[in-house]
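Colleague: Sharing a structure, written as structure tokens. Questions coming.
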Amino acid sequence: MRIAVIGCGYVADFYMATLANHPELKLQGVHDRDAARAKAFAAFHRIERIYPALDDALADPQVELVVNLTNPSSHYAVSRAALEAGKHVYSEKPLAMQLEQAEHLVALAEQHGLQVNSAPCSVLSETAQTLWKALRENRIGTPRLIYAELDDGNVPRRDYQNWISASGAPWPAKDEFEVGCTLEHAGYYLTWLTAFFGPATRITSFARNVQPDKGIALDVQTADFATACVEFASGPVARFTCSLYAPHDHWLRIFGDEGTLATQNVWDYGSRVTLATRNRFTGRAEKYPTLARLVGLGPATVSLVRKRRFEYRTKGSNPMDFCRGIAETAAAAREGRDSRLSSRWSLHVNELVLAMQHPERYGVVREVKSRFEPLAPMPWAS
Ligand SMILES: NC(=O)c1ccc[n+]([C@@H]2O[C@H](COP(=O)([O-])OP(=O)(O)OC[C@H]3O[C@@H](n4cnc5c(N)ncnc54)[C@H](O)[C@@H]3O)[C@@H](O)[C@H]2O)c1
């Protein structure tokens, strides 16, 4: 399927690093409203066609799918224009900055028989698919409680001024801080858990800007810490945390009556998955994890459903196959089926992420409006 990339900034290099994993995706051309950026990006990656304007990309009949890698504030306008031009859309997260905009995009897509899917796509990773399979196989009994963290350390006090992508784009610190780390990152866990457990019915959120001084002049102050409890229609409850302040912690732990499934880093497609049994012996041992491991009562490794196949790293990126989501959107469009990152699911995740980042706008306690049909696991994990 022929694709056009709109937005040639920091993350676009991560996409280019993994495009070769998906030979069915053909890059037709790129566009950035910053012409110099588009030129540097195209030169670095040896891309022949630069579209001078968004409309030029949308007018190209060869382009079937638009990959929207612009800043979050541009997501709605670019995705909307692409859908109106009859193109499928794969958008970086969040789908939109306002719920009404995201709803409009999904309505437009449905009206035109198109896909509008949103990143992150890490639910298609070997690690997420392994966790999901273990849940389907009832390896921990009834899952009732989930703890998920996405703390990224004290980023404002790190040398982010020196973070430059492979083709020379600076990390967009101002935009990241103004958009907020929860809108940027909570999707990494919310996508997994909504895929595993189905739609959420209610979210209760708290958000605060704990460190307003980010070392850079900001036009907007946005919470850099948020925590939320999410209730799923299927039963479990999850507690999520996101911050740009607490020490780095990307643990996900799913607690069931008979065991705990866990993984340490959601930003690694091949992160190890462990399973700890819960019974009266291990219950005591939980207090003494080092001793428990020594006497063989510690968690066991769950083999990944398949080995992490590709090398994903490029300068500054985590080991994630960024283009896997585009490939899934393209395959769904080609096969005329719902995507594993379906439009309605993307909207559901967008609603949850917005509610967690902005309880002042969407309600401290929010009854979640959006719903989606159950998603399918990857064929190699079913
Ligand atoms: N930076 C990261 O590590 C990272 C990681 C994963 C996902 N993301 C997501 O990727 C997206 C882009 O982030 P980034 O870090 O690449 O930002 P960036 O600022 O480096 O790049 C965005 C590019 O989009 C261009 N752009 C913005 N609006 C446009 C428009 N209307 N038309 C054409 N071009 C436009 C800008 O000129 C810029 O070059 C965001 O949604 C972000 O959440 C970023």
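The chains in the structure tokens are called A, B, ... from first to last as shown; in each chain the residues are counted from 1, and the ligands are counted from 1 in the order shown.
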Give me, as CSV, each residue of chain A that comes within 9 Å of ligand 1, together with its shortest interatomic pair and the distance in Å at one decimal, counting only C-alpha atoms and all ligand atoms, with rows ordered by chain and rising residue number.
Modeller:
residue,atom,partner,partner_atom_place_in_ligand_line,distance
A:Ile6,CA,ligand 1,33 (C),5.7
A:Gly7,CA,ligand 1,24 (O),3.5
A:Cys8,CA,ligand 1,39 (O),4.8
A:Gly9,CA,ligand 1,21 (O),3.2
A:Tyr10,CA,ligand 1,16 (O),3.7
A:Val11,CA,ligand 1,16 (O),3.7
A:Ala12,CA,ligand 1,16 (O),5.7
A:Asp13,CA,ligand 1,16 (O),8.1
A:Phe14,CA,ligand 1,5 (C),7.9
A:His31,CA,ligand 1,33 (C),6.2
A:Asp32,CA,ligand 1,34 (N),3.8
A:Arg33,CA,ligand 1,33 (C),4.0
A:Asp34,CA,ligand 1,37 (O),4.7
A:Ala35,CA,ligand 1,37 (O),8.2
A:Arg37,CA,ligand 1,39 (O),6.0
A:Ala38,CA,ligand 1,39 (O),7.4
A:Ala53,CA,ligand 1,33 (C),7.8
A:Leu54,CA,ligand 1,32 (N),6.4
A:Asn68,CA,ligand 1,11 (C),7.9
A:Leu69,CA,ligand 1,11 (C),4.8
A:Thr70,CA,ligand 1,24 (O),3.5
A:Asn71,CA,ligand 1,12 (C),4.6
A:Pro72,CA,ligand 1,41 (O),4.6
A:Ser73,CA,ligand 1,28 (N),7.3
A:Ser74,CA,ligand 1,28 (N),4.8
A:His75,CA,ligand 1,41 (O),7.4
A:Ala77,CA,ligand 1,31 (N),6.9
A:Val78,CA,ligand 1,31 (N),5.9
A:Ser91,CA,ligand 1,41 (O),7.7
A:Glu92,CA,ligand 1,41 (O),4.6
A:Lys93,CA,ligand 1,41 (O),4.9
A:Pro94,CA,ligand 1,41 (O),6.3
A:Leu95,CA,ligand 1,41 (O),8.4
A:Ala119,CA,ligand 1,7 (C),7.8
A:Pro120,CA,ligand 1,7 (C),7.5
A:Ser165,CA,ligand 1,20 (O),8.5
A:Ala169,CA,ligand 1,20 (O),5.8
A:Pro170,CA,ligand 1,20 (O),6.2
A:Trp171,CA,ligand 1,20 (O),5.7
A:Pro172,CA,ligand 1,19 (O),4.9
A:Ala173,CA,ligand 1,15 (O),8.4
A:Asp175,CA,ligand 1,19 (O),7.1
A:Glu176,CA,ligand 1,43 (O),7.4
A:Val179,CA,ligand 1,43 (O),8.4
A:Leu183,CA,ligand 1,43 (O),7.9
A:Glu184,CA,ligand 1,43 (O),5.1
A:His185,CA,ligand 1,43 (O),8.0
A:Gly316,CA,ligand 1,3 (O),7.6
A:Ser317,CA,ligand 1,3 (O),6.9
A:Asn318,CA,ligand 1,3 (O),8.8
A:Phe322,CA,ligand 1,6 (C),8.4
Colleague: Store the residues picked out above, limited to N, CA and C atoms, as a short mmCIF file (atom, residue, chain, number, x, y, z; two decimals), in the first residue's frame.
Modeller:
data_model
loop_
_atom_site.label_atom_id
_atom_site.label_comp_id
_atom_site.auth_asym_id
_atom_site.auth_seq_id
_atom_site.Cartn_x
_atom_site.Cartn_y
_atom_site.Cartn_z
N ILE A 6 3.17 12.70 6.69
CA ILE A 6 3.00 14.14 6.94
C ILE A 6 3.58 14.43 8.32
N GLY A 7 4.58 15.30 8.36
CA GLY A 7 5.30 15.58 9.62
C GLY A 7 6.60 14.82 9.60
N CYS A 8 7.72 15.56 9.45
CA CYS A 8 9.04 14.91 9.31
C CYS A 8 9.93 15.25 10.50
N GLY A 9 9.36 15.21 11.70
CA GLY A 9 10.10 15.63 12.89
C GLY A 9 10.79 14.47 13.59
N TYR A 10 10.91 14.61 14.91
CA TYR A 10 11.70 13.70 15.73
C TYR A 10 11.25 12.24 15.58
N VAL A 11 9.92 12.02 15.66
CA VAL A 11 9.46 10.63 15.66
C VAL A 11 9.48 10.03 14.25
N ALA A 12 9.45 10.86 13.24
CA ALA A 12 9.42 10.34 11.86
C ALA A 12 10.66 9.48 11.58
N ASP A 13 11.77 9.83 12.21
CA ASP A 13 12.97 9.00 12.02
C ASP A 13 12.78 7.61 12.62
N PHE A 14 12.02 7.52 13.71
CA PHE A 14 11.77 6.20 14.31
C PHE A 14 10.96 5.35 13.33
N HIS A 31 5.73 15.23 3.46
CA HIS A 31 5.46 16.67 3.53
C HIS A 31 5.65 17.14 4.97
N ASP A 32 6.20 18.33 5.11
CA ASP A 32 6.23 19.01 6.42
C ASP A 32 5.98 20.49 6.14
N ARG A 33 5.24 21.14 7.02
CA ARG A 33 4.98 22.57 6.78
C ARG A 33 6.26 23.39 6.93
N ASP A 34 7.25 22.79 7.58
CA ASP A 34 8.58 23.39 7.66
C ASP A 34 9.40 22.78 6.51
N ALA A 35 9.53 23.58 5.43
CA ALA A 35 10.14 23.05 4.20
C ALA A 35 11.59 22.59 4.44
N ARG A 37 12.85 21.36 7.15
CA ARG A 37 12.81 20.08 7.86
C ARG A 37 12.52 18.94 6.88
N ALA A 38 11.55 19.17 6.00
CA ALA A 38 11.21 18.14 5.02
C ALA A 38 12.42 17.84 4.15
N ALA A 53 2.94 21.06 -0.39
CA ALA A 53 1.80 21.38 0.49
C ALA A 53 1.05 20.09 0.84
N LEU A 54 0.32 20.15 1.93
CA LEU A 54 -0.48 18.98 2.33
C LEU A 54 -1.43 18.59 1.19
N ASN A 68 0.06 10.33 9.80
CA ASN A 68 0.04 11.66 10.40
C ASN A 68 1.01 11.72 11.59
N LEU A 69 2.21 12.27 11.33
CA LEU A 69 3.23 12.35 12.39
C LEU A 69 3.47 13.81 12.78
N THR A 70 2.42 14.60 12.67
CA THR A 70 2.54 16.02 13.06
C THR A 70 2.40 16.15 14.57
N ASN A 71 2.53 17.36 15.06
CA ASN A 71 2.35 17.61 16.50
C ASN A 71 0.87 17.42 16.85
N PRO A 72 0.59 17.03 18.11
CA PRO A 72 -0.80 16.74 18.48
C PRO A 72 -1.81 17.82 18.09
N SER A 73 -1.40 19.11 18.17
CA SER A 73 -2.36 20.17 17.84
C SER A 73 -2.75 20.17 16.36
N SER A 74 -1.97 19.50 15.52
CA SER A 74 -2.29 19.43 14.09
C SER A 74 -2.99 18.12 13.72
N HIS A 75 -3.09 17.19 14.66
CA HIS A 75 -3.60 15.86 14.30
C HIS A 75 -4.99 15.93 13.65
N ALA A 77 -6.72 18.44 12.17
CA ALA A 77 -6.85 19.09 10.86
C ALA A 77 -6.26 18.22 9.75
N VAL A 78 -5.09 17.63 10.02
CA VAL A 78 -4.42 16.83 8.98
C VAL A 78 -5.21 15.54 8.73
N SER A 91 -2.61 7.70 12.58
CA SER A 91 -2.19 8.94 13.24
C SER A 91 -1.35 8.63 14.47
N GLU A 92 -0.32 9.45 14.68
CA GLU A 92 0.35 9.39 15.97
C GLU A 92 -0.67 9.78 17.06
N LYS A 93 -0.37 9.41 18.28
CA LYS A 93 -1.30 9.71 19.38
C LYS A 93 -1.09 11.14 19.86
N PRO A 94 -2.10 11.72 20.48
CA PRO A 94 -3.48 11.24 20.57
C PRO A 94 -4.21 11.47 19.24
N LEU A 95 -5.27 10.70 19.03
CA LEU A 95 -6.05 10.84 17.80
C LEU A 95 -6.41 12.32 17.59
N ALA A 119 -1.83 5.51 16.92
CA ALA A 119 -0.73 4.97 17.72
C ALA A 119 -1.09 5.17 19.20
N PRO A 120 -0.45 4.51 20.14
CA PRO A 120 0.64 3.56 19.90
C PRO A 120 0.13 2.20 19.44
N SER A 165 17.29 13.85 16.71
CA SER A 165 17.01 12.59 15.99
C SER A 165 18.05 12.35 14.90
N ALA A 169 16.34 16.40 13.81
CA ALA A 169 15.21 17.12 14.44
C ALA A 169 15.42 17.15 15.96
N PRO A 170 15.27 18.33 16.57
CA PRO A 170 15.39 18.38 18.04
C PRO A 170 14.15 17.79 18.71
N TRP A 171 14.32 17.20 19.88
CA TRP A 171 13.16 16.71 20.65
C TRP A 171 12.28 17.92 20.97
N PRO A 172 10.99 17.87 20.63
CA PRO A 172 10.14 19.06 20.76
C PRO A 172 9.68 19.29 22.21
N ALA A 173 10.64 19.74 23.04
CA ALA A 173 10.39 19.83 24.48
C ALA A 173 9.17 20.69 24.82
N ASP A 175 6.55 21.52 23.09
CA ASP A 175 5.29 20.88 22.71
C ASP A 175 4.98 19.71 23.66
N GLU A 176 6.00 18.92 23.97
CA GLU A 176 5.79 17.76 24.86
C GLU A 176 5.27 18.22 26.22
N VAL A 179 1.63 19.74 25.83
CA VAL A 179 0.60 18.71 25.57
C VAL A 179 0.35 17.89 26.83
N LEU A 183 -1.23 12.70 28.06
CA LEU A 183 -1.73 12.59 26.68
C LEU A 183 -0.70 11.92 25.79
N GLU A 184 0.57 12.16 26.09
CA GLU A 184 1.63 11.57 25.28
C GLU A 184 1.81 10.08 25.57
N HIS A 185 1.63 9.68 26.83
CA HIS A 185 2.10 8.34 27.21
C HIS A 185 1.07 7.36 27.76
N GLY A 316 18.04 7.48 19.72
CA GLY A 316 17.05 8.03 20.64
C GLY A 316 15.80 7.18 20.82
N SER A 317 15.62 6.14 20.02
CA SER A 317 14.34 5.42 20.12
C SER A 317 14.43 4.21 21.04
N ASN A 318 13.29 3.76 21.48
CA ASN A 318 13.19 2.52 22.23
C ASN A 318 12.99 1.38 21.24
N PHE A 322 7.69 0.84 15.14
CA PHE A 322 6.69 1.90 14.97
C PHE A 322 5.79 1.67 13.75
#
Colleague: Residues of segment 175-196 of chain A within 10 Å of segment 209-219 of chain A: nearest atom pair and distance (Å, one decimal) for each, counting only C-alpha atoms, sorted by chain and number, as CSV?
Modeller:
residue,atom,partner,partner_atom,distance
A:Asp175,CA,A:Leu218,CA,8.7
A:Phe177,CA,A:Lys214,CA,7.7
A:Glu178,CA,A:Leu218,CA,7.0
A:Gly180,CA,A:Asn209,CA,9.4
Colleague: Using only C-alpha atoms, which residue out of A:His88, A:Arg278, A:Arg361, A:Lys315 lies closest to Gly141 of chain A?
Modeller: A:Arg278
Colleague: Write out as a ChimeraX atom specification all residues of segment 305-376 of chain A that backbone DSSP assigns to helix (DSSP H, G or I).
Modeller: /A:324-335,343-357,359-362
Colleague: Could you write those residues out with C-alpha atoms, as a tab-separated table (two decimals), in the first residue's frame?
Modeller:
chain	number	residue	atom	x	y	z
A	324	ARG	CA	3.72	-2.27	12.66
A	325	GLY	CA	0.56	-0.24	13.29
A	326	ILE	CA	0.61	1.25	9.79
A	327	ALA	CA	1.02	-2.26	8.38
A	328	GLU	CA	-2.00	-3.44	10.38
A	329	THR	CA	-4.12	-0.47	9.21
A	330	ALA	CA	-3.04	-1.10	5.61
A	331	ALA	CA	-3.79	-4.84	5.84
A	332	ALA	CA	-7.24	-4.17	7.31
A	333	ALA	CA	-8.00	-1.66	4.54
A	334	ARG	CA	-6.82	-4.09	1.88
A	335	GLU	CA	-8.78	-7.00	3.32
A	343	SER	CA	-11.18	3.41	14.75
A	344	ARG	CA	-13.70	3.03	17.58
A	345	TRP	CA	-11.08	1.55	19.86
A	346	SER	CA	-8.73	4.44	19.00
A	347	LEU	CA	-11.54	6.82	19.98
A	348	HIS	CA	-12.13	4.93	23.24
A	349	VAL	CA	-8.45	5.19	24.18
A	350	ASN	CA	-8.50	8.89	23.23
A	351	GLU	CA	-11.46	9.49	25.55
A	352	LEU	CA	-9.68	7.78	28.47
A	353	VAL	CA	-6.39	9.57	27.90
A	354	LEU	CA	-8.10	12.97	27.68
A	355	ALA	CA	-10.03	12.26	30.88
A	356	MET	CA	-6.85	11.26	32.70
A	357	GLN	CA	-4.83	14.29	31.53
A	359	PRO	CA	-10.11	15.82	34.73
A	360	GLU	CA	-10.94	19.55	35.00
A	361	ARG	CA	-12.44	19.36	31.47
A	362	TYR	CA	-13.77	15.83	31.23
Colleague: As number ranges by chain, please: the residues near Phe281 of chain A (cut-off 12 Å, only C-alpha atoms, same-chain neighbours under 5 positions excluded).
Modeller: A: 276, 286-288, 292, 295-298
Colleague: Counting only C-alpha atoms, which residue out of A:Leu150, A:Ala285, A:Leu114, A:Ile47 sits closest to Leu190 of chain A?
Modeller: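 Residue with the minimum atom-to-atom distance to Leu190 of chain A: A:Leu150.
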Colleague: State, in Å with one decimal place, the distance from atom CA of Ser339 of chain A to atom CA of Arg239 of chain A.
Modeller: 27.2 Å
Colleague: Might you pull out every residue within 10 Å of segment 122-127 of chain A, with only C-alpha atoms counted and same-chain residues fewer than 6 positions away left off, and present them as a count of residues only?
Modeller: 41
Colleague: Provide the atom CA of Ala96 of chain A to atom CA of Thr314 of chain A distance in Å, to one decimal place.
Modeller: 27.0 Å
Colleague: Using only C-alpha atoms, find the one residue out of A:Cys323, A:Val116, A:Ala207, A:Ala102 that sits nearest to Val66 of chain A.
Modeller: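 Ranked by minimum distance to Val66 of chain A, first place goes to A:Val116.
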Colleague: Quick one: everything within 10 Å of Glu149 of chain A, counting only C-alpha atoms, minus sequence neighbours fewer than 3 positions away in the same chain. Send it as a list in words.
Modeller: Asp152, Ala186, Tyr189, Thr227, Arg239, Phe240, Thr241, Cys242, Ser243, His248, Asp249, His250, Trp251, Leu252, Arg253, Gln264, Asn265 and Val266 of chain A
Colleague: For those residues, write all heavy atoms to a file as a short mmCIF file (atom, residue, chain, number, x, y, z; two decimals), in the first residue's frame.
Modeller:
data_model
loop_
_atom_site.label_atom_id
_atom_site.label_comp_id
_atom_site.auth_asym_id
_atom_site.auth_seq_id
_atom_site.Cartn_x
_atom_site.Cartn_y
_atom_site.Cartn_z
N ASP A 152 8.69 8.68 33.74
CA ASP A 152 9.82 8.78 32.81
C ASP A 152 11.03 9.46 33.39
O ASP A 152 11.91 9.91 32.66
CB ASP A 152 9.36 9.51 31.54
CG ASP A 152 9.42 8.58 30.36
OD1 ASP A 152 9.72 7.39 30.57
OD2 ASP A 152 9.17 9.03 29.23
N ALA A 186 -0.05 7.84 28.31
CA ALA A 186 -0.96 6.90 28.98
C ALA A 186 -1.51 5.86 28.01
O ALA A 186 -1.86 4.75 28.42
CB ALA A 186 -2.11 7.66 29.65
N TYR A 189 -0.33 2.05 28.02
CA TYR A 189 -0.96 1.01 28.82
C TYR A 189 -2.45 0.88 28.54
O TYR A 189 -2.99 -0.22 28.58
CB TYR A 189 -0.75 1.27 30.32
CG TYR A 189 0.64 0.92 30.76
CD1 TYR A 189 1.40 1.78 31.52
CD2 TYR A 189 1.19 -0.29 30.38
CE1 TYR A 189 2.69 1.46 31.90
CE2 TYR A 189 2.47 -0.63 30.75
CZ TYR A 189 3.22 0.25 31.52
OH TYR A 189 4.48 -0.08 31.89
N THR A 227 -2.84 10.38 37.84
CA THR A 227 -3.14 9.00 38.21
C THR A 227 -4.64 8.80 38.03
O THR A 227 -5.42 9.73 38.17
CB THR A 227 -2.64 8.69 39.65
OG1 THR A 227 -2.71 7.28 39.85
CG2 THR A 227 -3.44 9.40 40.72
N ARG A 239 -5.21 0.74 38.08
CA ARG A 239 -4.68 2.03 38.55
C ARG A 239 -3.46 2.38 37.70
O ARG A 239 -2.50 1.64 37.64
CB ARG A 239 -4.30 1.92 40.04
CG ARG A 239 -4.03 3.26 40.71
CD ARG A 239 -2.57 3.69 40.61
NE ARG A 239 -1.70 2.74 41.29
CZ ARG A 239 -0.52 2.36 40.81
NH1 ARG A 239 -0.07 2.84 39.65
NH2 ARG A 239 0.23 1.49 41.46
N PHE A 240 -3.56 3.54 37.04
CA PHE A 240 -2.49 4.00 36.15
C PHE A 240 -1.80 5.22 36.73
O PHE A 240 -2.46 6.06 37.33
CB PHE A 240 -3.05 4.47 34.81
CG PHE A 240 -3.73 3.40 34.02
CD1 PHE A 240 -5.09 3.21 34.12
CD2 PHE A 240 -3.00 2.57 33.19
CE1 PHE A 240 -5.71 2.22 33.40
CE2 PHE A 240 -3.61 1.58 32.47
CZ PHE A 240 -4.97 1.40 32.57
N THR A 241 -0.51 5.34 36.49
CA THR A 241 0.20 6.56 36.86
C THR A 241 1.08 6.99 35.69
O THR A 241 1.67 6.15 35.03
CB THR A 241 1.08 6.32 38.11
OG1 THR A 241 0.25 5.84 39.14
CG2 THR A 241 1.75 7.60 38.56
N CYS A 242 1.15 8.29 35.47
CA CYS A 242 2.03 8.86 34.45
C CYS A 242 2.72 10.06 35.07
O CYS A 242 2.05 10.88 35.71
CB CYS A 242 1.19 9.42 33.29
SG CYS A 242 1.18 8.40 31.85
N SER A 243 4.02 10.19 34.87
CA SER A 243 4.66 11.44 35.31
C SER A 243 5.93 11.70 34.53
O SER A 243 6.50 10.80 33.92
CB SER A 243 4.97 11.42 36.81
OG SER A 243 6.22 10.81 37.05
N HIS A 248 12.25 6.65 36.68
CA HIS A 248 11.80 5.81 35.56
C HIS A 248 11.19 4.49 36.06
O HIS A 248 11.79 3.76 36.82
CB HIS A 248 13.01 5.51 34.67
CG HIS A 248 12.67 4.79 33.42
ND1 HIS A 248 12.44 3.43 33.38
CD2 HIS A 248 12.48 5.24 32.16
CE1 HIS A 248 12.15 3.08 32.14
NE2 HIS A 248 12.18 4.15 31.38
N ASP A 249 9.96 4.25 35.63
CA ASP A 249 9.26 3.02 36.05
C ASP A 249 8.19 2.72 35.01
O ASP A 249 7.23 3.48 34.86
CB ASP A 249 8.62 3.25 37.44
CG ASP A 249 7.94 2.01 37.98
OD1 ASP A 249 7.80 1.02 37.22
OD2 ASP A 249 7.54 2.03 39.17
N HIS A 250 8.39 1.65 34.27
CA HIS A 250 7.43 1.27 33.22
C HIS A 250 6.82 -0.10 33.50
O HIS A 250 6.50 -0.84 32.58
CB HIS A 250 8.12 1.24 31.85
CG HIS A 250 8.46 2.60 31.30
ND1 HIS A 250 8.96 2.79 30.04
CD2 HIS A 250 8.36 3.84 31.84
CE1 HIS A 250 9.17 4.08 29.82
NE2 HIS A 250 8.82 4.74 30.91
N TRP A 251 6.68 -0.45 34.76
CA TRP A 251 6.14 -1.77 35.13
C TRP A 251 4.64 -1.87 34.85
O TRP A 251 3.89 -0.92 35.07
CB TRP A 251 6.33 -2.05 36.63
CG TRP A 251 7.64 -2.68 36.98
CD1 TRP A 251 8.73 -2.04 37.49
CD2 TRP A 251 7.99 -4.06 36.87
NE1 TRP A 251 9.75 -2.94 37.71
CE2 TRP A 251 9.32 -4.19 37.34
CE3 TRP A 251 7.32 -5.21 36.42
CZ2 TRP A 251 9.99 -5.42 37.37
CZ3 TRP A 251 7.99 -6.43 36.45
CH2 TRP A 251 9.30 -6.52 36.92
N LEU A 252 4.24 -3.03 34.41
CA LEU A 252 2.81 -3.37 34.32
C LEU A 252 2.63 -4.68 35.07
O LEU A 252 3.36 -5.66 34.82
CB LEU A 252 2.40 -3.56 32.86
CG LEU A 252 1.03 -4.21 32.62
CD1 LEU A 252 -0.10 -3.30 33.09
CD2 LEU A 252 0.84 -4.56 31.15
N ARG A 253 1.70 -4.68 36.02
CA ARG A 253 1.43 -5.91 36.79
C ARG A 253 -0.07 -6.19 36.80
O ARG A 253 -0.87 -5.30 37.10
CB ARG A 253 1.96 -5.75 38.22
CG ARG A 253 3.48 -5.70 38.27
CD ARG A 253 4.01 -5.44 39.65
NE ARG A 253 3.69 -4.10 40.11
CZ ARG A 253 3.75 -3.71 41.38
NH1 ARG A 253 4.10 -4.55 42.32
NH2 ARG A 253 3.43 -2.47 41.71
N GLN A 264 8.42 -5.52 32.65
CA GLN A 264 9.09 -4.36 33.22
C GLN A 264 9.11 -3.14 32.32
O GLN A 264 9.22 -2.02 32.80
CB GLN A 264 10.54 -4.74 33.58
CG GLN A 264 11.20 -3.73 34.47
CD GLN A 264 12.51 -4.23 35.05
OE1 GLN A 264 12.93 -5.34 34.77
NE2 GLN A 264 13.14 -3.41 35.87
N ASN A 265 9.00 -3.36 31.00
CA ASN A 265 9.15 -2.19 30.12
C ASN A 265 8.25 -2.27 28.90
O ASN A 265 8.55 -2.96 27.93
CB ASN A 265 10.60 -2.03 29.68
CG ASN A 265 10.80 -0.74 28.90
OD1 ASN A 265 9.90 0.10 28.80
ND2 ASN A 265 11.98 -0.58 28.34
N VAL A 266 7.18 -1.52 28.94
CA VAL A 266 6.22 -1.52 27.85
C VAL A 266 6.80 -0.92 26.57
O VAL A 266 6.26 -1.09 25.49
CB VAL A 266 4.96 -0.76 28.29
CG1 VAL A 266 5.19 0.72 28.36
CG2 VAL A 266 3.81 -1.04 27.39
#
Colleague: Determine the nearest neighbour of Tyr147 of chain A from the options A:Gly235, A:Gly113, A:Gly256, A:Gly86, counting only C-alpha atoms.
Modeller: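 Between A:Gly235, A:Gly113, A:Gly256, A:Gly86, the residue approaching Tyr147 of chain A most closely is A:Gly256.
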Colleague: Report the residues of segment 77-325 of chain A whose backbone DSSP state falls under strand (DSSP E), written as a ChimeraX atom specification.
Modeller: /A:88-91,116-118,143-151,200-208,225-232,237-243,252-256,259-263,273-277,300-302
Colleague: Could you state the separation of atom CA of Thr142 of chain A and atom CA of Ser370 of chain A in Å, given to one decimal place?
Modeller: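 Distance reported for this atom pair: 25.2 Å.
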Colleague: Between A:Gln28, A:Thr204, A:Thr301, A:Thr277, which is the closest to Ile140 of chain A once you count only C-alpha atoms?
Modeller: A:Thr277
Colleague: As an NGL selection string, please: the residues near Glu48 of chain A (cut-off 10 Å, only C-alpha atoms, same-chain neighbours under 3 positions excluded).
Modeller: :A and (27-30 or 42-43 or 45 or 51)
Colleague: Excluding Phe232 of chain A and residues on its chain fewer than 3 positions from it, collect all residues at most 8 Å away from it, counting only C-alpha atoms, and give them as a list in words.
Modeller: Phe197, Gly198, Pro199, Ala200, Thr201, Arg202, Gly235, Pro236 and Val237 of chain A
